[in-house]
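Below: the structure, in C-alpha cells.
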Amino acid sequence: VPRSPGEMLRVFSALAMQGFGGVLPVAQRELVERRQWLTREQFLEALSIGQVLPGPNIVNMALIIGDRFFGWRGAVAALVGLLALPLLIVLALAAMYARFATEPIVAGALRGMGAVAAGLILAMACKLLPTLARNPLGRPLSALALLATVTTVGVLRWPMAYAVIAIGGAAVFAAWWRLGPKP
Amino acid sequence: MSFSSADWWPLFGHFLGMSMLAIGGALAVAPDIHRYIVGERGWIDDSQFSAAIALAQAAPGPNLLFVPVIGYAVAGLAGAGVALLGMLIPSTALALLVSRWGSKRREQRGVRAFVAGMAPITIALLLSTGGLLALPMARIPGAWLLIVATVALALKTRLSPVWAIAVGAVAGAAGLV
C-alpha cells in the first residue's frame, strides 16, 4: 500500500516512463504484481470504470486509483506522475522535430515512424475485433455499428460528435434492449 | 490559414469537446482532431499531424501525449498547454465525480449496455485513425510494406512497439519510405 501521495507520484512517473506504446500493461505489472497496491480484481474494476468514462483510459485509471488511497491529493499526484516527465520528453522531441523538419533525413525518419504508428493502431483495432463476438449486441449489429462509424467518421469525415451520439446512442439502446431485465 | 490570437478559444474548445468524446482512448478522437485542425482550420498540415502521433508513439508515456504535440505544432508551448488542459479538464472532473458512484453499479444493465454499445464504435474509431495515418502514404510502396509488416508483427508477436518504431525511423531516414 502506498504510504504518501509523494510515493504515488514517484511510482506513476516510473511506470509512465516504461510505457512505450501504451502504459496499461506496465501499470498492471507494477501496481498489481510487484507492489501489490491493488488486487487483480480491483485493477480490473478501475480499468472497466476508466473505459466507460470519456477521456484516456490510463488517465482515468490513475485518477481512480489515486483517489482511492489519498482522495483528491492522490488523484493529482497520480495524474502529475503519469504525465509530467513524458510530456517534457515528447515536447523536447517535438521542438527538435520542428527545427529539423525540412531535413530530408528527419522528415524521412518521421514518415517511417508514422507508417509504423499507423500499423500499430490498426493492429490494436484488429486485436479488439474478436471481443465483439461476445458482445451482447450480437455480431450483425456490432458489425453494422462499426461499419456505420468507419463510413461517417473515417470516410465521409463527418464531425465525430454526431456520429458517436447517433450511432453510439442507437447501439447502447440496442444493447440495453438485448441485455433484458435482470433475471 | 495561420493561427491568430482569436483562435485560442476555438482551439481550447475543440479539445474540451474531444475530451468528452474520447471513449476508448485519446487515439479514438484523432480523426476528429484531424478534421478540425487540419481540414477545417488548416493550422497544421497532414505531415505535421502524423508526425505528432508518431512522436508520441515513439516517446514513453500515455498515447494521449500526441495532443500537446499537436498543440505545440499549432501554437508553440502555450498551444501545447491549452490542448492538453482542454483534453484533460472535462474527463478528469467527470472521472472523479463518477468513479465512486460507478464502482458500485458496474453490473447494472445501463452501465453494461453502455460498455457493450460503445465497443464497436471505439474499434471503428481506431480503424479510422489508422486509415487516416496510412492514407497520405498511399503512393509510397515502402510505407505500405512497413504498415503491413507492423500489423503482422504486432498481431503475431509480443515484441515491444518501440523496436518497430526504431525500424521505421531507420527505414525512413534511409529514404526507403
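Please note that chains go A, B, ... in the order of the C-alpha cells, that every chain numbers its residues from 1, and that ligands are numbered from 1 in the order shown.
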message = Taking 2 positions as the minimum chain separation for residues in the same chain, which residues sit within 7 Å of Ala78 in chain A when counting only C-alpha atoms? Answer as a PyMOL selection string.
response = chain A and resi 8-9+12+62-63+66+74-76+80-82
As a PDB file with N, CA and C atoms, in the first residue's frame, please: the residues near Ala84 in chain A (cut-off 12 Å, only C-alpha atoms, same-chain neighbours under 3 positions excluded).
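The resulting file, around_16.pdb, is shown below:
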```pdb
ATOM      1  N   LEU A   9       3.201   9.575  -6.684  1.00  0.00           N
ATOM      2  CA  LEU A   9       3.731  10.347  -7.805  1.00  0.00           C
ATOM      3  C   LEU A   9       4.966   9.663  -8.384  1.00  0.00           C
ATOM      4  N   ARG A  10       5.871   9.215  -7.512  1.00  0.00           N
ATOM      5  CA  ARG A  10       7.099   8.566  -7.974  1.00  0.00           C
ATOM      6  C   ARG A  10       6.793   7.281  -8.739  1.00  0.00           C
ATOM      7  N   PHE A  12       3.978   6.337 -10.253  1.00  0.00           N
ATOM      8  CA  PHE A  12       3.318   6.574 -11.548  1.00  0.00           C
ATOM      9  C   PHE A  12       4.291   7.168 -12.565  1.00  0.00           C
ATOM     10  N   SER A  13       5.231   8.001 -12.106  1.00  0.00           N
ATOM     11  CA  SER A  13       6.273   8.509 -13.010  1.00  0.00           C
ATOM     12  C   SER A  13       7.066   7.356 -13.578  1.00  0.00           C
ATOM     13  N   ALA A  14       7.489   6.453 -12.667  1.00  0.00           N
ATOM     14  CA  ALA A  14       8.338   5.339 -13.085  1.00  0.00           C
ATOM     15  C   ALA A  14       7.610   4.475 -14.096  1.00  0.00           C
ATOM     16  N   ALA A  16       5.069   5.330 -16.066  1.00  0.00           N
ATOM     17  CA  ALA A  16       4.826   6.047 -17.323  1.00  0.00           C
ATOM     18  C   ALA A  16       6.077   6.029 -18.196  1.00  0.00           C
ATOM     19  N   MET A  17       7.256   6.142 -17.554  1.00  0.00           N
ATOM     20  CA  MET A  17       8.499   6.195 -18.327  1.00  0.00           C
ATOM     21  C   MET A  17       8.846   4.852 -18.959  1.00  0.00           C
ATOM     22  N   VAL A  76      -4.359  13.860  -7.925  1.00  0.00           N
ATOM     23  CA  VAL A  76      -3.459  14.820  -8.563  1.00  0.00           C
ATOM     24  C   VAL A  76      -2.049  14.235  -8.667  1.00  0.00           C
ATOM     25  N   ALA A  77      -1.592  13.586  -7.580  1.00  0.00           N
ATOM     26  CA  ALA A  77      -0.244  13.001  -7.579  1.00  0.00           C
ATOM     27  C   ALA A  77      -0.115  11.964  -8.685  1.00  0.00           C
ATOM     28  N   ALA A  78      -1.108  11.097  -8.824  1.00  0.00           N
ATOM     29  CA  ALA A  78      -1.038  10.053  -9.839  1.00  0.00           C
ATOM     30  C   ALA A  78      -1.047  10.665 -11.243  1.00  0.00           C
ATOM     31  N   LEU A  79      -1.900  11.677 -11.440  1.00  0.00           N
ATOM     32  CA  LEU A  79      -2.011  12.309 -12.760  1.00  0.00           C
ATOM     33  C   LEU A  79      -0.706  13.017 -13.145  1.00  0.00           C
ATOM     34  N   VAL A  80      -0.158  13.791 -12.202  1.00  0.00           N
ATOM     35  CA  VAL A  80       1.091  14.509 -12.487  1.00  0.00           C
ATOM     36  C   VAL A  80       2.217  13.514 -12.742  1.00  0.00           C
ATOM     37  N   GLY A  81       2.269  12.462 -11.911  1.00  0.00           N
ATOM     38  CA  GLY A  81       3.294  11.439 -12.105  1.00  0.00           C
ATOM     39  C   GLY A  81       3.208  10.818 -13.486  1.00  0.00           C
ATOM     40  N   LEU A  87       5.656  14.196 -20.788  1.00  0.00           N
ATOM     41  CA  LEU A  87       5.295  15.425 -21.500  1.00  0.00           C
ATOM     42  C   LEU A  87       6.554  16.220 -21.859  1.00  0.00           C
ATOM     43  N   LEU A  88       7.477  16.345 -20.880  1.00  0.00           N
ATOM     44  CA  LEU A  88       8.730  17.059 -21.142  1.00  0.00           C
ATOM     45  C   LEU A  88       9.492  16.407 -22.299  1.00  0.00           C
ATOM     46  N   ILE A  89       9.560  15.073 -22.260  1.00  0.00           N
ATOM     47  CA  ILE A  89      10.314  14.361 -23.293  1.00  0.00           C
ATOM     48  C   ILE A  89       9.680  14.562 -24.663  1.00  0.00           C
ATOM     49  N   VAL A  90       8.348  14.384 -24.729  1.00  0.00           N
ATOM     50  CA  VAL A  90       7.707  14.437 -26.038  1.00  0.00           C
ATOM     51  C   VAL A  90       7.744  15.867 -26.600  1.00  0.00           C
ATOM     52  N   LEU A  91       7.679  16.877 -25.715  1.00  0.00           N
ATOM     53  CA  LEU A  91       7.768  18.255 -26.215  1.00  0.00           C
ATOM     54  C   LEU A  91       9.190  18.583 -26.678  1.00  0.00           C
TER      55      LEU A  91
ATOM     56  N   PRO B  60       8.101   7.594 -24.383  1.00  0.00           N
ATOM     57  CA  PRO B  60       7.387   6.876 -23.318  1.00  0.00           C
ATOM     58  C   PRO B  60       6.182   7.677 -22.853  1.00  0.00           C
ATOM     59  N   GLY B  61       5.244   6.991 -22.183  1.00  0.00           N
ATOM     60  CA  GLY B  61       4.089   7.688 -21.626  1.00  0.00           C
ATOM     61  C   GLY B  61       2.814   7.364 -22.365  1.00  0.00           C
ATOM     62  N   PRO B  62       1.685   7.892 -21.868  1.00  0.00           N
ATOM     63  CA  PRO B  62       0.395   7.568 -22.463  1.00  0.00           C
ATOM     64  C   PRO B  62       0.260   8.112 -23.896  1.00  0.00           C
ATOM     65  N   LEU B  65      -0.428  11.845 -25.225  1.00  0.00           N
ATOM     66  CA  LEU B  65       0.537  12.935 -25.384  1.00  0.00           C
ATOM     67  C   LEU B  65       0.674  13.419 -26.822  1.00  0.00           C
ATOM     68  N   PRO B  68      -0.803  17.317 -26.772  1.00  0.00           N
ATOM     69  CA  PRO B  68       0.059  18.500 -26.624  1.00  0.00           C
ATOM     70  C   PRO B  68       1.037  18.682 -27.779  1.00  0.00           C
ATOM     71  N   GLY B  81       0.024  23.532 -23.935  1.00  0.00           N
ATOM     72  CA  GLY B  81      -0.668  23.602 -22.649  1.00  0.00           C
ATOM     73  C   GLY B  81      -2.169  23.693 -22.817  1.00  0.00           C
ATOM     74  N   LEU B  84      -3.576  20.309 -24.037  1.00  0.00           N
ATOM     75  CA  LEU B  84      -3.556  19.265 -23.005  1.00  0.00           C
ATOM     76  C   LEU B  84      -4.600  19.543 -21.924  1.00  0.00           C
TER      77      LEU B  84
END
```
Sorted by chain and rising residue number, list the residues of range 63-172 of chain A at most 9 Å from range 150-168 of chain B (counting only C-alpha atoms), each with its closest atom pair and distance in Å to one decimal, as a tab-separated table.
```
residue	atom	partner	partner_atom	distance
A:Ala109	CA	B:Gly168	CA	6.9
A:Leu110	CA	B:Gly168	CA	8.1
A:Arg111	CA	B:Gly168	CA	8.0
A:Gly112	CA	B:Gly168	CA	4.3
A:Met113	CA	B:Gly168	CA	4.8
A:Gly114	CA	B:Gly168	CA	7.9
A:Ala115	CA	B:Gly168	CA	7.2
A:Val116	CA	B:Ile165	CA	5.8
A:Ala117	CA	B:Ile165	CA	7.3
A:Ala118	CA	B:Thr150	CA	8.5
A:Gly119	CA	B:Val151	CA	4.9
A:Leu120	CA	B:Val151	CA	6.1
A:Ile121	CA	B:Val151	CA	8.3
A:Leu122	CA	B:Val151	CA	6.6
A:Ala123	CA	B:Val151	CA	4.9
A:Met124	CA	B:Ala154	CA	8.0
A:Cys126	CA	B:Leu155	CA	7.9
A:Lys127	CA	B:Leu155	CA	7.0
```
Write out, as an mmCIF file, in the first residue's frame, the residues just selected, with all heavy atoms.
```cif
data_model
loop_
_atom_site.group_PDB
_atom_site.id
_atom_site.type_symbol
_atom_site.label_atom_id
_atom_site.label_comp_id
_atom_site.auth_asym_id
_atom_site.auth_seq_id
_atom_site.Cartn_x
_atom_site.Cartn_y
_atom_site.Cartn_z
ATOM 1 N N ALA A 109 12.621 9.918 -41.525
ATOM 2 C CA ALA A 109 12.506 9.106 -40.301
ATOM 3 C C ALA A 109 11.106 9.235 -39.713
ATOM 4 O O ALA A 109 10.498 8.239 -39.310
ATOM 5 C CB ALA A 109 13.556 9.535 -39.281
ATOM 6 N N LEU A 110 10.597 10.465 -39.685
ATOM 7 C CA LEU A 110 9.253 10.662 -39.123
ATOM 8 C C LEU A 110 8.189 9.998 -39.985
ATOM 9 O O LEU A 110 7.196 9.476 -39.474
ATOM 10 C CB LEU A 110 8.960 12.157 -38.978
ATOM 11 C CG LEU A 110 9.026 12.711 -37.557
ATOM 12 C CD1 LEU A 110 7.935 12.100 -36.701
ATOM 13 C CD2 LEU A 110 10.374 12.447 -36.901
ATOM 14 N N ARG A 111 8.388 10.003 -41.324
ATOM 15 C CA ARG A 111 7.424 9.330 -42.194
ATOM 16 C C ARG A 111 7.429 7.834 -41.908
ATOM 17 O O ARG A 111 6.382 7.196 -41.814
ATOM 18 C CB ARG A 111 7.747 9.613 -43.655
ATOM 19 C CG ARG A 111 6.537 9.944 -44.450
ATOM 20 C CD ARG A 111 6.774 10.388 -45.883
ATOM 21 N NE ARG A 111 8.030 10.055 -46.474
ATOM 22 C CZ ARG A 111 8.992 10.941 -46.731
ATOM 23 N NH1 ARG A 111 8.806 12.200 -46.421
ATOM 24 N NH2 ARG A 111 10.113 10.561 -47.289
ATOM 25 N N GLY A 112 8.634 7.277 -41.739
ATOM 26 C CA GLY A 112 8.741 5.859 -41.403
ATOM 27 C C GLY A 112 8.072 5.547 -40.079
ATOM 28 O O GLY A 112 7.335 4.571 -39.951
ATOM 29 N N MET A 113 8.322 6.414 -39.072
ATOM 30 C CA MET A 113 7.699 6.205 -37.768
ATOM 31 C C MET A 113 6.183 6.357 -37.863
ATOM 32 O O MET A 113 5.434 5.650 -37.175
ATOM 33 C CB MET A 113 8.264 7.208 -36.751
ATOM 34 C CG MET A 113 9.656 6.846 -36.271
ATOM 35 S SD MET A 113 10.546 8.283 -35.599
ATOM 36 C CE MET A 113 9.536 8.698 -34.212
ATOM 37 N N GLY A 114 5.748 7.262 -38.730
ATOM 38 C CA GLY A 114 4.305 7.449 -38.920
ATOM 39 C C GLY A 114 3.659 6.212 -39.513
ATOM 40 O O GLY A 114 2.552 5.827 -39.117
ATOM 41 N N ALA A 115 4.354 5.583 -40.457
ATOM 42 C CA ALA A 115 3.829 4.353 -41.057
ATOM 43 C C ALA A 115 3.700 3.276 -39.993
ATOM 44 O O ALA A 115 2.681 2.570 -39.917
ATOM 45 C CB ALA A 115 4.729 3.885 -42.201
ATOM 46 N N VAL A 116 4.726 3.155 -39.145
ATOM 47 C CA VAL A 116 4.670 2.158 -38.075
ATOM 48 C C VAL A 116 3.550 2.490 -37.088
ATOM 49 O O VAL A 116 2.812 1.600 -36.645
ATOM 50 C CB VAL A 116 6.031 2.061 -37.346
ATOM 51 C CG1 VAL A 116 5.921 1.202 -36.106
ATOM 52 C CG2 VAL A 116 7.080 1.481 -38.292
ATOM 53 N N ALA A 117 3.406 3.788 -36.764
ATOM 54 C CA ALA A 117 2.330 4.185 -35.849
ATOM 55 C C ALA A 117 0.975 3.793 -36.422
ATOM 56 O O ALA A 117 0.108 3.267 -35.709
ATOM 57 C CB ALA A 117 2.383 5.689 -35.581
ATOM 58 N N ALA A 118 0.789 4.018 -37.731
ATOM 59 C CA ALA A 118 -0.464 3.611 -38.380
ATOM 60 C C ALA A 118 -0.677 2.115 -38.226
ATOM 61 O O ALA A 118 -1.775 1.655 -37.872
ATOM 62 C CB ALA A 118 -0.442 3.996 -39.863
ATOM 63 N N GLY A 119 0.390 1.342 -38.461
ATOM 64 C CA GLY A 119 0.301 -0.113 -38.333
ATOM 65 C C GLY A 119 -0.044 -0.537 -36.912
ATOM 66 O O GLY A 119 -0.868 -1.427 -36.699
ATOM 67 N N LEU A 120 0.589 0.117 -35.924
ATOM 68 C CA LEU A 120 0.333 -0.241 -34.517
ATOM 69 C C LEU A 120 -1.121 0.014 -34.148
ATOM 70 O O LEU A 120 -1.749 -0.780 -33.436
ATOM 71 C CB LEU A 120 1.251 0.559 -33.590
ATOM 72 C CG LEU A 120 2.739 0.191 -33.604
ATOM 73 C CD1 LEU A 120 3.534 1.174 -32.745
ATOM 74 C CD2 LEU A 120 2.949 -1.229 -33.101
ATOM 75 N N ILE A 121 -1.661 1.125 -34.630
ATOM 76 C CA ILE A 121 -3.041 1.465 -34.282
ATOM 77 C C ILE A 121 -4.010 0.502 -34.978
ATOM 78 O O ILE A 121 -4.977 0.030 -34.376
ATOM 79 C CB ILE A 121 -3.331 2.937 -34.631
ATOM 80 C CG1 ILE A 121 -2.496 3.852 -33.715
ATOM 81 C CG2 ILE A 121 -4.813 3.255 -34.488
ATOM 82 C CD1 ILE A 121 -2.416 5.280 -34.165
ATOM 83 N N LEU A 122 -3.736 0.185 -36.247
ATOM 84 C CA LEU A 122 -4.583 -0.781 -36.950
ATOM 85 C C LEU A 122 -4.535 -2.146 -36.257
ATOM 86 O O LEU A 122 -5.561 -2.824 -36.115
ATOM 87 C CB LEU A 122 -4.146 -0.906 -38.416
ATOM 88 C CG LEU A 122 -4.450 0.307 -39.290
ATOM 89 C CD1 LEU A 122 -3.815 0.150 -40.669
ATOM 90 C CD2 LEU A 122 -5.961 0.503 -39.435
ATOM 91 N N ALA A 123 -3.322 -2.528 -35.793
ATOM 92 C CA ALA A 123 -3.196 -3.822 -35.105
ATOM 93 C C ALA A 123 -3.978 -3.820 -33.799
ATOM 94 O O ALA A 123 -4.618 -4.814 -33.438
ATOM 95 C CB ALA A 123 -1.718 -4.133 -34.841
ATOM 96 N N MET A 124 -3.935 -2.685 -33.086
ATOM 97 C CA MET A 124 -4.688 -2.574 -31.841
ATOM 98 C C MET A 124 -6.174 -2.798 -32.114
ATOM 99 O O MET A 124 -6.850 -3.539 -31.390
ATOM 100 C CB MET A 124 -4.457 -1.170 -31.255
ATOM 101 C CG MET A 124 -4.778 -1.017 -29.783
ATOM 102 S SD MET A 124 -4.866 0.719 -29.258
ATOM 103 C CE MET A 124 -3.336 1.403 -29.819
ATOM 104 N N CYS A 126 -7.454 -4.444 -34.640
ATOM 105 C CA CYS A 126 -7.657 -5.844 -35.037
ATOM 106 C C CYS A 126 -7.686 -6.766 -33.825
ATOM 107 O O CYS A 126 -8.438 -7.740 -33.783
ATOM 108 C CB CYS A 126 -6.551 -6.307 -35.983
ATOM 109 S SG CYS A 126 -6.631 -5.491 -37.577
ATOM 110 N N LYS A 127 -6.834 -6.457 -32.815
ATOM 111 C CA LYS A 127 -6.819 -7.288 -31.610
ATOM 112 C C LYS A 127 -8.126 -7.175 -30.842
ATOM 113 O O LYS A 127 -8.517 -8.101 -30.138
ATOM 114 C CB LYS A 127 -5.676 -6.856 -30.686
ATOM 115 C CG LYS A 127 -4.352 -7.497 -31.038
ATOM 116 C CD LYS A 127 -3.314 -7.114 -30.007
ATOM 117 C CE LYS A 127 -1.925 -7.436 -30.518
ATOM 118 N NZ LYS A 127 -0.882 -6.805 -29.713
#
```
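Shell of range 143-145 of chain A at 8 Å, with only C-alpha atoms counted and residues fewer than 6 places along the chain excluded, is Ile167, Gly168 and Ala171 of chain A; Pro120 and Ile121 of chain B.
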Would you save the residues of that selection, restricted to N, CA and C atoms, as an mmCIF file, in the first residue's frame?
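New file selection28.cif:
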```
data_model
loop_
_atom_site.group_PDB
_atom_site.id
_atom_site.type_symbol
_atom_site.label_atom_id
_atom_site.label_comp_id
_atom_site.auth_asym_id
_atom_site.auth_seq_id
_atom_site.Cartn_x
_atom_site.Cartn_y
_atom_site.Cartn_z
ATOM 1 N N ILE A 167 -24.944 6.987 -33.648
ATOM 2 C CA ILE A 167 -24.686 5.550 -33.783
ATOM 3 C C ILE A 167 -24.457 4.919 -32.415
ATOM 4 N N GLY A 168 -23.630 5.601 -31.590
ATOM 5 C CA GLY A 168 -23.372 5.092 -30.243
ATOM 6 C C GLY A 168 -24.655 5.010 -29.430
ATOM 7 N N ALA A 171 -26.647 2.086 -30.592
ATOM 8 C CA ALA A 171 -26.022 0.814 -30.203
ATOM 9 C C ALA A 171 -26.203 0.555 -28.708
ATOM 10 N N PRO B 120 -18.119 -1.407 -30.425
ATOM 11 C CA PRO B 120 -17.848 -1.367 -31.868
ATOM 12 C C PRO B 120 -17.488 0.038 -32.354
ATOM 13 N N ILE B 121 -18.011 1.056 -31.708
ATOM 14 C CA ILE B 121 -17.688 2.425 -32.126
ATOM 15 C C ILE B 121 -16.221 2.738 -31.836
#
```
key: In chain A, DSSP alpha helix (DSSP H) residues written as JSON, numbers by chain   = {"A": [5, 6, 7, 8, 9, 10, 11, 12, 13, 14, 15, 16, 17, 18, 24, 25, 26, 27, 40, 41, 42, 43, 44, 45, 46, 47, 48, 49, 50, 51, 52, 57, 58, 59, 60, 61, 62, 63, 64, 65, 66, 67, 68, 69, 70, 71, 72, 73, 74, 75, 76, 77, 78, 79, 80, 81, 82, 83, 84, 85, 86, 87, 88, 89, 90, 91, 92, 93, 94, 95, 96, 97, 98, 99, 100, 104, 105, 106, 107, 108, 109, 110, 111, 112, 113, 114, 115, 116, 117, 118, 119, 120, 121, 122, 123, 124, 125, 126, 127, 128, 139, 140, 141, 142, 143, 144, 145, 146, 147, 148, 149, 160, 161, 162, 163, 169, 170, 171, 172, 173, 174, 175, 176, 177, 178, 179]}
key: Spatial neighbours of Ile44 in chain B, max dist 10 Å, only C-alpha atoms, sep filter under 5 positions, as a PyMOL selection string   = chain B and resi 1-3+34+37-39+49+70-71+73-75
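Nearest-residue note for chain A: choosing from B:Pro141, B:Gly25, B:Gly86, B:Pro10, the minimum distance belongs to B:Gly25, counting only C-alpha atoms.
Every protein or nucleic acid residue with an atom no more than 9 Å from range 26-42 of chain A, counting only C-alpha atoms and leaving out same-chain residues fewer than 6 positions away, appears here: A:Val1, A:Pro2, A:Val11, A:Phe12, A:Leu15, A:Ala16, A:Gln18, A:Gly19, A:Ile58, A:Ile65.
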Writer output for current selection, N, CA, C and O atoms, as a PDB file, in the first residue's frame:
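Once everything was written out, this is out11.pdb:
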```
ATOM      1  N   VAL A   1       0.852  -1.209   0.000  1.00  0.00           N
ATOM      2  CA  VAL A   1       0.000   0.000   0.000  1.00  0.00           C
ATOM      3  C   VAL A   1       0.878   1.247   0.000  1.00  0.00           C
ATOM      4  O   VAL A   1       1.862   1.302   0.732  1.00  0.00           O
ATOM      5  N   PRO A   2       0.545   2.230  -0.841  1.00  0.00           N
ATOM      6  CA  PRO A   2       1.378   3.442  -0.896  1.00  0.00           C
ATOM      7  C   PRO A   2       1.297   4.207   0.423  1.00  0.00           C
ATOM      8  O   PRO A   2       0.256   4.270   1.044  1.00  0.00           O
ATOM      9  N   VAL A  11       5.877   6.472  -8.191  1.00  0.00           N
ATOM     10  CA  VAL A  11       5.586   5.184  -8.831  1.00  0.00           C
ATOM     11  C   VAL A  11       4.901   5.392 -10.188  1.00  0.00           C
ATOM     12  O   VAL A  11       5.252   4.741 -11.180  1.00  0.00           O
ATOM     13  N   PHE A  12       3.978   6.337 -10.253  1.00  0.00           N
ATOM     14  CA  PHE A  12       3.318   6.574 -11.548  1.00  0.00           C
ATOM     15  C   PHE A  12       4.291   7.168 -12.565  1.00  0.00           C
ATOM     16  O   PHE A  12       4.208   6.866 -13.758  1.00  0.00           O
ATOM     17  N   LEU A  15       6.325   4.214 -13.874  1.00  0.00           N
ATOM     18  CA  LEU A  15       5.655   3.306 -14.818  1.00  0.00           C
ATOM     19  C   LEU A  15       5.315   4.006 -16.131  1.00  0.00           C
ATOM     20  O   LEU A  15       5.344   3.380 -17.189  1.00  0.00           O
ATOM     21  N   ALA A  16       5.069   5.330 -16.066  1.00  0.00           N
ATOM     22  CA  ALA A  16       4.826   6.047 -17.323  1.00  0.00           C
ATOM     23  C   ALA A  16       6.077   6.029 -18.196  1.00  0.00           C
ATOM     24  O   ALA A  16       5.996   5.890 -19.416  1.00  0.00           O
ATOM     25  N   GLN A  18       8.239   3.774 -18.440  1.00  0.00           N
ATOM     26  CA  GLN A  18       8.492   2.456 -19.055  1.00  0.00           C
ATOM     27  C   GLN A  18       7.484   2.137 -20.139  1.00  0.00           C
ATOM     28  O   GLN A  18       7.592   1.125 -20.809  1.00  0.00           O
ATOM     29  N   GLY A  19       6.452   2.992 -20.269  1.00  0.00           N
ATOM     30  CA  GLY A  19       5.354   2.647 -21.161  1.00  0.00           C
ATOM     31  C   GLY A  19       5.573   3.137 -22.576  1.00  0.00           C
ATOM     32  O   GLY A  19       5.193   4.248 -22.916  1.00  0.00           O
ATOM     33  N   ILE A  58      -6.048   5.330 -19.294  1.00  0.00           N
ATOM     34  CA  ILE A  58      -4.994   5.231 -18.287  1.00  0.00           C
ATOM     35  C   ILE A  58      -5.042   6.446 -17.353  1.00  0.00           C
ATOM     36  O   ILE A  58      -4.783   6.332 -16.159  1.00  0.00           O
ATOM     37  N   ILE A  65      -7.397   5.352  -8.984  1.00  0.00           N
ATOM     38  CA  ILE A  65      -6.515   4.687  -8.017  1.00  0.00           C
ATOM     39  C   ILE A  65      -5.968   5.707  -7.009  1.00  0.00           C
ATOM     40  O   ILE A  65      -5.976   5.469  -5.798  1.00  0.00           O
TER      41      ILE A  65
END
```
